[in-house]
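J.: Here you go, upload.tsv (TSV, C-alpha atoms and all ligand atoms):
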```
chain	number	residue	atom	x	y	z
N	1	MET	CA	71.77	57.32	80.63
N	2	ALA	CA	74.31	56.55	77.93
N	3	ALA	CA	77.55	58.47	77.80
N	4	ALA	CA	76.68	59.30	74.22
N	5	GLY	CA	73.95	61.58	75.57
N	6	ALA	CA	76.56	63.89	76.97
N	7	ALA	CA	78.60	63.93	73.80
N	8	SER	CA	75.81	64.32	71.27
N	9	ALA	CA	76.15	68.08	70.76
N	10	LEU	CA	79.63	69.22	69.82
N	11	SER	CA	80.71	72.29	71.74
N	12	PRO	CA	82.62	75.01	69.86
N	13	PHE	CA	85.80	73.70	71.47
N	14	GLU	CA	85.17	70.16	70.27
N	15	GLU	CA	84.53	71.42	66.74
N	16	LYS	CA	87.76	73.37	66.83
N	17	LEU	CA	89.68	70.34	68.04
N	18	GLN	CA	88.44	67.95	65.38
N	19	GLY	CA	91.31	66.95	63.20
N	20	GLN	CA	93.61	69.46	64.78
N	21	ALA	CA	97.13	68.40	65.66
N	22	PRO	CA	98.69	69.56	68.90
N	23	PRO	CA	100.60	72.83	68.40
N	24	ALA	CA	104.31	72.34	67.81
N	25	SER	CA	106.28	72.75	70.97
N	26	GLY	CA	107.54	76.33	71.26
N	27	ALA	CA	104.89	77.70	68.90
N	28	ALA	CA	103.24	79.88	71.53
N	29	PRO	CA	104.89	82.90	73.05
N	30	ALA	CA	106.80	82.20	76.23
N	31	VAL	CA	106.26	84.33	79.30
N	32	ASP	CA	109.44	85.65	80.78
N	33	GLY	CA	109.45	85.46	84.55
N	34	TYR	CA	107.08	84.27	87.21
N	35	VAL	CA	103.36	83.70	86.83
N	36	LEU	CA	100.58	82.62	89.16
N	37	VAL	CA	97.19	81.16	88.25
N	38	THR	CA	94.48	80.98	90.89
N	39	SER	CA	90.78	80.29	91.25
N	40	ALA	CA	88.48	83.35	91.14
N	41	ASN	CA	88.33	83.69	94.94
N	42	GLY	CA	92.09	84.23	95.01
N	43	VAL	CA	92.62	87.89	94.12
N	44	GLU	CA	94.06	88.81	97.52
N	45	ALA	CA	95.84	85.47	97.75
N	46	THR	CA	97.47	86.07	94.36
N	47	LYS	CA	98.54	89.59	95.34
N	48	ALA	CA	100.14	88.25	98.51
N	49	ALA	CA	101.84	85.32	96.79
N	50	ARG	CA	103.09	87.59	94.02
N	51	GLN	CA	104.65	89.94	96.58
N	52	ALA	CA	106.24	86.97	98.31
N	53	LEU	CA	107.72	85.78	95.00
N	54	ILE	CA	109.04	89.27	94.24
N	55	GLN	CA	110.70	89.27	97.65
N	56	GLY	CA	112.43	86.02	96.77
N	57	TYR	CA	110.37	83.50	98.71
N	58	ASP	CA	110.33	79.89	97.61
N	59	PRO	CA	107.38	79.50	95.18
N	60	LEU	CA	105.60	76.88	97.30
N	61	ASP	CA	105.94	79.02	100.44
N	62	ALA	CA	104.64	81.98	98.43
N	63	ALA	CA	101.64	80.00	97.19
N	64	ILE	CA	100.84	78.71	100.67
N	65	ALA	CA	101.16	82.22	102.13
N	66	GLY	CA	98.66	83.32	99.48
N	67	VAL	CA	96.00	80.69	100.18
N	68	ASN	CA	96.47	81.17	103.94
N	69	ILE	CA	94.58	84.45	103.45
N	70	ASN	CA	91.45	82.53	102.45
N	71	GLU	CA	92.03	79.83	105.04
N	72	LEU	CA	92.23	82.35	107.87
N	73	ASP	CA	89.35	84.53	106.67
N	74	PRO	CA	86.29	83.76	108.85
N	75	ASN	CA	84.05	85.18	106.13
N	76	ASP	CA	85.27	82.78	103.46
N	77	MET	CA	82.80	79.97	103.94
N	78	SER	CA	84.45	77.48	101.61
N	79	VAL	CA	88.03	77.33	102.83
N	80	GLY	CA	89.68	76.86	106.24
N	81	TYR	CA	88.43	78.69	109.33
N	82	GLY	CA	84.78	79.67	108.88
N	83	GLY	CA	84.22	76.96	106.27
N	84	VAL	CA	80.71	75.48	106.20
N	85	PRO	CA	80.75	72.27	108.28
N	86	ASN	CA	79.72	68.73	107.51
N	87	GLU	CA	76.35	67.12	108.30
N	88	ASP	CA	77.29	66.94	111.98
N	89	GLY	CA	78.32	70.59	112.27
N	90	ILE	CA	82.04	69.78	112.24
N	91	VAL	CA	84.42	71.55	109.87
N	92	GLN	CA	86.60	69.01	108.05
N	93	LEU	CA	89.27	70.42	105.76
N	94	ASP	CA	91.11	68.98	102.75
N	95	ALA	CA	94.37	70.28	101.26
N	96	CYS	CA	97.18	69.17	99.04
N	97	VAL	CA	100.52	70.63	97.94
N	98	MET	CA	102.88	69.46	95.23
N	99	ASP	CA	106.42	70.48	94.40
N	100	GLY	CA	107.21	70.00	90.72
N	101	ARG	CA	110.96	70.18	91.35
N	102	THR	CA	110.98	66.93	93.30
N	103	LEU	CA	107.57	65.40	92.53
N	104	ARG	CA	107.03	65.32	96.25
N	105	ALA	CA	103.56	66.00	97.59
N	106	GLY	CA	101.73	66.20	100.89
N	107	ALA	CA	98.04	66.07	101.67
N	108	VAL	CA	95.54	66.06	104.49
N	109	GLY	CA	91.92	64.92	104.31
N	110	ALA	CA	89.04	65.52	106.73
N	111	LEU	CA	91.39	67.43	109.04
N	112	GLU	CA	89.59	68.96	112.04
N	113	GLY	CA	90.66	71.74	114.39
N	114	CYS	CA	93.35	73.39	112.24
N	115	LYS	CA	92.79	76.63	110.35
N	116	THR	CA	95.56	76.21	107.78
N	117	PRO	CA	95.49	72.70	106.30
N	118	SER	CA	97.78	73.78	103.45
N	119	LYS	CA	100.60	74.29	105.96
N	120	VAL	CA	99.97	70.86	107.45
N	121	ALA	CA	99.98	69.33	103.95
N	122	LYS	CA	103.42	70.85	103.35
N	123	LEU	CA	104.65	69.42	106.65
N	124	VAL	CA	103.35	65.99	105.62
N	125	MET	CA	105.49	66.38	102.50
N	126	GLU	CA	108.58	67.58	104.33
N	127	ARG	CA	108.47	65.93	107.71
N	128	THR	CA	107.09	62.47	107.03
N	129	ASP	CA	107.96	59.63	104.73
N	130	ARG	CA	104.30	59.60	103.64
N	131	VAL	CA	102.06	61.61	101.33
N	132	PHE	CA	98.53	61.58	102.74
N	133	LEU	CA	97.21	61.78	106.31
N	134	VAL	CA	93.51	61.84	107.14
N	135	GLY	CA	91.16	62.42	110.04
N	136	ALA	CA	92.37	61.95	113.60
N	137	GLY	CA	95.86	60.99	112.42
N	138	ALA	CA	96.20	64.21	110.44
N	139	GLN	CA	95.03	66.22	113.45
N	140	LYS	CA	97.47	64.45	115.76
N	141	PHE	CA	100.27	65.24	113.32
N	142	ALA	CA	99.20	68.91	113.13
N	143	ASN	CA	99.12	69.13	116.95
N	144	ALA	CA	102.57	67.51	117.12
N	145	HIS	CA	103.86	70.35	114.94
N	146	GLY	CA	102.39	72.98	117.24
N	147	PHE	CA	99.06	73.70	115.58
N	148	PRO	CA	96.62	74.15	118.47
N	149	ALA	CA	93.25	72.37	118.30
N	150	GLU	CA	90.84	75.19	117.46
N	151	ASP	CA	87.11	75.47	116.87
N	152	LEU	CA	86.70	76.25	113.17
N	153	LEU	CA	82.97	76.90	113.33
N	154	THR	CA	82.07	80.61	113.44
N	155	SER	CA	78.77	81.98	114.75
N	156	LYS	CA	77.82	82.59	111.10
N	157	THR	CA	78.49	79.04	109.90
N	158	ARG	CA	76.86	77.57	113.02
N	159	LYS	CA	73.72	79.59	112.20
N	160	ILE	CA	73.79	78.40	108.58
N	161	TRP	CA	74.34	74.78	109.58
N	162	LEU	CA	71.48	74.89	112.10
N	163	TYR	CA	69.22	76.50	109.50
N	164	TRP	CA	70.03	73.65	107.09
N	165	LYS	CA	69.69	70.93	109.73
N	166	GLU	CA	66.43	72.14	111.22
N	167	ARG	CA	64.78	72.31	107.82
N	168	LEU	CA	65.83	68.85	106.69
N	169	SER	CA	62.72	67.14	107.97
N	170	GLY	CA	59.45	68.04	109.64
N	171	THR	CA	59.36	64.80	111.60
N	172	ASP	CA	62.64	64.81	113.47
N	173	ASP	CA	63.53	66.45	116.80
N	174	TRP	CA	65.20	69.56	115.40
N	175	ILE	CA	62.86	72.56	115.42
N	176	GLU	CA	63.35	75.86	113.66
N	177	ALA	CA	63.31	78.99	115.78
N	178	GLY	CA	61.29	80.73	113.06
N	179	ARG	CA	62.12	83.99	111.29
N	180	GLU	CA	65.60	82.71	110.40
N	181	ALA	CA	65.11	83.98	106.87
N	182	GLU	CA	65.20	87.53	108.28
N	183	ASP	CA	68.73	87.05	109.59
N	184	PRO	CA	71.19	88.87	107.27
N	185	ASP	CA	73.64	85.93	107.18
N	186	ILE	CA	70.90	83.43	106.30
N	187	LYS	CA	69.48	85.89	103.76
N	188	GLU	CA	72.87	86.14	102.10
N	189	PHE	CA	73.18	82.35	102.12
N	190	ILE	CA	69.75	81.90	100.52
N	191	ARG	CA	70.40	84.65	97.96
N	192	LYS	CA	73.71	83.13	96.92
N	193	TYR	CA	72.74	79.53	96.86
N	194	GLY	CA	68.97	79.27	96.54
N	195	ASN	CA	66.75	77.48	98.96
N	196	GLU	CA	65.89	74.27	97.20
N	197	TYR	CA	68.72	72.29	95.68
N	198	PHE	CA	71.65	73.94	97.32
N	199	ARG	CA	74.80	71.99	97.94
N	200	PRO	CA	77.30	74.74	97.41
N	201	GLN	CA	81.03	74.24	97.67
N	202	GLY	CA	84.20	76.19	97.09
N	203	THR	CA	87.95	75.87	97.10
N	204	ILE	CA	91.06	77.87	96.36
N	205	HIS	CA	93.74	76.54	94.03
N	206	MET	CA	96.99	78.30	93.14
N	207	SER	CA	99.67	77.12	90.73
N	208	VAL	CA	102.95	79.02	90.42
N	209	ARG	CA	105.68	79.02	87.84
N	210	SER	CA	108.67	80.81	89.35
N	211	ALA	CA	111.04	82.98	87.33
N	212	LYS	CA	113.43	80.02	87.38
N	213	GLY	CA	110.75	77.82	85.83
N	214	ASP	CA	109.92	75.81	88.95
N	215	LEU	CA	106.30	74.63	89.11
N	216	VAL	CA	104.31	74.15	92.31
N	217	GLY	CA	100.67	73.95	93.31
N	218	VAL	CA	98.39	74.09	96.34
N	219	THR	CA	94.67	73.43	96.76
N	220	THR	CA	92.72	73.88	99.99
N	221	THR	CA	89.02	73.65	100.87
N	222	SER	CA	86.34	72.92	103.44
N	223	GLY	CA	84.67	70.98	100.62
N	224	LEU	CA	81.06	70.34	99.90
N	225	TYR	CA	78.70	72.08	102.34
N	226	PHE	CA	77.06	69.67	104.83
N	227	LYS	CA	79.01	66.74	103.40
N	228	MET	CA	78.89	63.27	104.94
N	229	PRO	CA	81.36	63.06	107.81
N	230	GLY	CA	84.61	61.66	106.46
N	231	ARG	CA	83.88	62.61	102.86
N	232	VAL	CA	87.09	63.72	101.14
N	233	GLY	CA	86.90	65.43	97.77
N	234	ASP	CA	89.44	66.00	95.04
N	235	SER	CA	91.22	68.89	96.75
N	236	ALA	CA	93.18	66.57	99.02
N	237	VAL	CA	94.11	64.06	96.36
N	238	VAL	CA	97.40	64.31	94.49
N	239	GLY	CA	96.70	64.00	90.78
N	240	ALA	CA	93.08	65.08	91.15
N	241	GLY	CA	93.16	68.39	93.06
N	242	VAL	CA	96.77	69.26	92.20
N	243	TYR	CA	99.54	68.01	89.98
N	244	SER	CA	102.83	69.84	89.35
N	245	GLU	CA	105.86	68.68	87.43
N	246	ASN	CA	108.85	70.78	86.43
N	247	GLY	CA	109.40	70.92	82.70
N	248	VAL	CA	105.73	70.18	81.98
N	249	GLY	CA	103.16	72.12	83.99
N	250	SER	CA	101.04	72.54	87.06
N	251	CYS	CA	97.29	72.28	87.43
N	252	GLY	CA	94.61	72.35	90.11
N	253	SER	CA	90.87	72.10	90.33
N	254	THR	CA	87.69	73.37	91.92
N	255	GLY	CA	84.14	72.13	91.54
N	256	ARG	CA	82.43	68.79	91.94
N	257	GLY	CA	85.18	66.75	93.52
N	258	GLU	CA	83.75	63.32	92.80
N	259	ALA	CA	83.72	63.91	89.03
N	260	ASN	CA	87.32	65.02	89.14
N	261	LEU	CA	88.49	62.31	91.53
N	262	VAL	CA	87.60	59.47	89.21
N	263	THR	CA	89.44	61.04	86.28
N	264	CYS	CA	92.54	62.26	88.21
N	265	GLY	CA	91.87	65.54	86.42
N	266	SER	CA	94.88	67.70	87.29
N	267	HIS	CA	97.26	64.93	86.30
N	268	THR	CA	95.31	64.48	83.07
N	269	VAL	CA	95.68	68.20	82.27
N	270	VAL	CA	99.42	68.04	82.85
N	271	GLU	CA	99.68	64.94	80.67
N	272	PHE	CA	97.89	66.77	77.84
N	273	MET	CA	100.37	69.63	78.23
N	274	ARG	CA	103.20	67.07	78.06
N	275	GLN	CA	101.75	65.96	74.73
N	276	GLY	CA	102.05	69.53	73.44
N	277	ARG	CA	98.61	70.93	74.12
N	278	SER	CA	98.34	74.50	75.35
N	279	PRO	CA	97.10	74.93	78.94
N	280	GLU	CA	93.65	75.94	77.66
N	281	GLU	CA	93.32	72.96	75.35
N	282	ALA	CA	94.62	70.65	78.05
N	283	CYS	CA	92.04	71.91	80.57
N	284	LEU	CA	89.20	71.61	78.05
N	285	LEU	CA	90.20	68.11	77.00
N	286	ALA	CA	90.25	66.95	80.62
N	287	LEU	CA	86.85	68.57	81.21
N	288	LYS	CA	85.48	66.88	78.10
N	289	ARG	CA	86.53	63.55	79.56
N	290	ILE	CA	84.74	64.37	82.82
N	291	ALA	CA	81.64	65.62	81.02
N	292	GLU	CA	81.40	62.55	78.83
N	293	LYS	CA	82.50	59.78	81.11
N	294	THR	CA	81.58	60.54	84.71
N	295	HIS	CA	78.26	60.72	86.52
N	296	ASN	CA	76.26	59.27	83.64
N	297	VAL	CA	73.09	58.97	85.69
N	298	PRO	CA	69.93	61.02	85.14
N	299	ARG	CA	70.25	63.04	88.36
N	300	HIS	CA	73.54	64.50	87.11
N	301	ARG	CA	72.45	65.19	83.52
N	302	ASP	CA	70.32	67.94	81.98
N	303	GLU	CA	67.78	67.40	79.22
N	304	LYS	CA	70.57	67.45	76.62
N	305	GLY	CA	72.63	64.93	78.55
N	306	ARG	CA	75.14	67.52	79.73
N	307	PRO	CA	76.51	67.54	83.31
N	308	LYS	CA	74.41	69.32	85.93
N	309	PHE	CA	77.59	70.14	87.82
N	310	ASN	CA	80.71	72.15	87.22
N	311	VAL	CA	84.43	71.51	87.42
N	312	SER	CA	87.17	74.08	86.74
N	313	PHE	CA	90.86	73.59	86.03
N	314	TYR	CA	93.62	76.21	86.43
N	315	ALA	CA	96.86	75.48	84.62
N	316	VAL	CA	100.29	76.86	83.83
N	317	ASP	CA	102.80	75.20	81.57
N	318	ALA	CA	106.57	75.13	81.69
N	319	LYS	CA	106.75	78.17	79.40
N	320	GLY	CA	104.56	80.15	81.77
N	321	ARG	CA	101.42	80.12	79.65
N	322	THR	CA	98.32	80.12	81.84
N	323	ALA	CA	94.67	79.21	81.34
N	324	ALA	CA	91.57	78.13	83.17
N	325	ALA	CA	88.51	76.35	81.88
N	326	ALA	CA	85.22	75.11	83.28
N	327	ILE	CA	82.51	72.77	82.06
N	328	TRP	CA	80.04	75.68	82.11
N	329	SER	CA	80.52	79.29	80.96
N	330	GLY	CA	80.70	82.14	83.45
N	331	ALA	CA	83.65	80.95	85.51
N	332	LYS	CA	86.58	83.24	86.18
N	333	TYR	CA	90.18	82.92	87.32
N	334	VAL	CA	93.02	85.11	88.47
N	335	VAL	CA	96.45	85.59	86.96
N	336	GLY	CA	99.40	87.34	88.56
N	337	ASP	CA	102.62	88.25	86.75
N	338	ASN	CA	105.01	91.13	86.11
N	339	GLU	CA	102.10	93.30	85.05
N	340	GLY	CA	100.06	92.78	88.21
N	341	VAL	CA	97.01	90.74	89.18
N	342	ARG	CA	93.88	90.47	87.04
N	343	THR	CA	90.68	88.45	86.83
N	344	LEU	CA	89.91	86.77	83.51
N	345	GLU	CA	87.09	84.72	81.99
N	346	SER	CA	87.64	80.97	81.94
N	347	ALA	CA	87.21	79.00	78.72
N	348	TYR	CA	84.33	76.54	78.78
N	349	LEU	CA	82.76	73.50	77.16
N	350	TYR	CA	79.10	74.52	77.31
N	351	LYS	CA	77.43	77.93	77.35
N	352	LYS	CA	74.96	78.39	80.18
N	353	GLY	CA	71.38	78.89	79.04
N	354	THR	CA	71.81	76.97	75.77
N	401	LIG	N1	86.34	70.40	94.81
N	401	LIG	C1	85.87	70.63	96.15
N	401	LIG	C2	85.35	69.35	96.73
N	401	LIG	O1	84.79	68.55	96.00
N	401	LIG	C3	84.83	71.67	96.25
N	401	LIG	C4	84.91	72.84	95.31
N	401	LIG	O2	85.93	73.08	94.72
N	401	LIG	O3	83.95	73.58	95.16
N	401	LIG	O4	85.42	69.18	97.92
```
For this file, produce the structure as structure tokens.

T.:
Amino acid sequence: MAAAGAASALSPFEEKLQGQAPPASGAAPAVDGYVLVTSANGVEATKAARQALIQGYDPLDAAIAGVNINELDPNDMSVGYGGVPNEDGIVQLDACVMDGRTLRAGAVGALEGCKTPSKVAKLVMERTDRVFLVGAGAQKFANAHGFPAEDLLTSKTRKIWLYWKERLSGTDDWIEAGREAEDPDIKEFIRKYGNEYFRPQGTIHMSVRSAKGDLVGVTTTSGLYFKMPGRVGDSAVVGAGVYSENGVGSCGSTGRGEANLVTCGSHTVVEFMRQGRSPEEACLLALKRIAEKTHNVPRHRDEKGRPKFNVSFYAVDAKGRTAAAAIWSGAKYVVGDNEGVRTLESAYLYKKGT
């Protein structure tokens, strides 16, 4: 399908942008003090990180302490411990951190056996001369720093994985026990994600602008449910899942990793902010690029040529202005600042149901 298919109908945002110059630098109100912007699953994480900032913690330590809440929560099935496993029933985690003060970053991909990949990513940044460790090497490094090898599969995610695996085919050796759909955990899984075309995913991203103006970001995930072993999404990739640069901005992503990977989305958002765009405009412009240019094959396009997937960006600029935007309406995000922590509606390119 031609890329033009995706771009044929102008969204309200595109109409607004036509012929519009970037706002003059300094035109928008500055926010005095610290601010945090987080994906919608990060209310508790944002509260914790905000408290840490108030107590004077380093902003990256505060952000990591925040997302550790999701990583350690066995009931959060998209991040860390209790994340839904890959095809083989093994939990493989991706995470990335970036420090805008130094432009240093650290990342781990397909890390097994460690509940808090964000902490390991920070150690990669601080205690190696490298940026990105994956698989067995990442696990060896985590073990060397005292992270014990742990089983990340919970009884709930094992049940869900077996349910998925046993229903894949009627001609293989895996047989359903029957009556699984009566199990409350499976029921919840089916209710949330449907029973036909479900490949759910989830991630937490947090970007922080400290009161001093330092910009940092962290993204951590168990990635796409039942992914191919070894598949690494955007969350582990500097420039795609996170990009932070002092004086410009910080951004992170959730959603279909492959679409974001090929556009280096978080870096793109920060570059748009460098050019003078507001965080919201920057996020929407980067999403427009994804929507128009990636995945231009029929299985990823609806009848109007629009993406049948979603990507969200969460951004803060050097002035402390925050925004989030998604390809599709209905997404939310969390902001924390002097006034507290609140959940807001993300901007979007396309309205669902239109
Ligand atoms: N971006 C993540 C990935 O592709 C998943 C998500 O954010 O939902 O692994």

J.: How big is the axis-aligned box around all listed atoms of region 300-309 of chain N once 4 Å goes on each side, and where's its centre, in Å to one decimal, as JSON?

T.:
```
{"center_x": 72.7, "center_y": 67.3, "center_z": 82.2, "size_x": 17.8, "size_y": 13.6, "size_z": 19.2}
```

J.: Residues at most 6 Å from ligand LIG 401 (chain N), using only C-alpha atoms and all ligand atoms? Could they come as a list in words?

T.: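 The residues within 6 Å of ligand LIG 401 (chain N), counting only C-alpha atoms and all ligand atoms, are Gln201, Gly202, Thr203, Gly223, Leu224, Gly233, Asp234, Ser235, Thr254, Gly255, Arg256 and Gly257 of chain N.
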
J.: For Ala144 (chain N), which residue out of N:Val124, N:Val43, N:Arg158, N:Val218 is the nearest one, using all atoms listed in the file?

T.: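 Using all atoms listed in the file, the shortest distance to Ala144 (chain N) belongs to N:Val124.
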
J.: For a quick check of understanding, using only C-alpha atoms, which of N:Val237, N:Leu153, N:Ala318, N:Ala121 has the smallest distance to Ile90 (chain N)?

T.: N:Leu153

J.: Looking at N:Gly217, N:Gly252, N:Gly340, N:Gly89, which one is nearest to Trp164 (chain N), with distances taken over all atoms listed in the file?

T.: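 Once distances to Trp164 (chain N) are computed over all atoms listed in the file, the minimum belongs to N:Gly89.
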
J.: Skip Asn338 (chain N) itself and residues of its chain fewer than 5 positions away, then list as an MDAnalysis selection string all residues within 9 Å of it, counting only C-alpha atoms.

T.: chainID N and resid 32:35 50

J.: Do a neighbour search on region 97-110 of chain N at 9 Å with all atoms listed in the file, toss out local chain neighbours closer than 4 positions, and write the hits as a ChimeraX atom specification.

T.: /N:60,64,91-93,117-126,128,130-136,138-139,214-220,222,229-233,235-238,242-250

J.: Can you work out the spacing between CA of Glu87 (chain N) and CA of Met228 (chain N) in Å, to one decimal?

T.: 5.7 Å
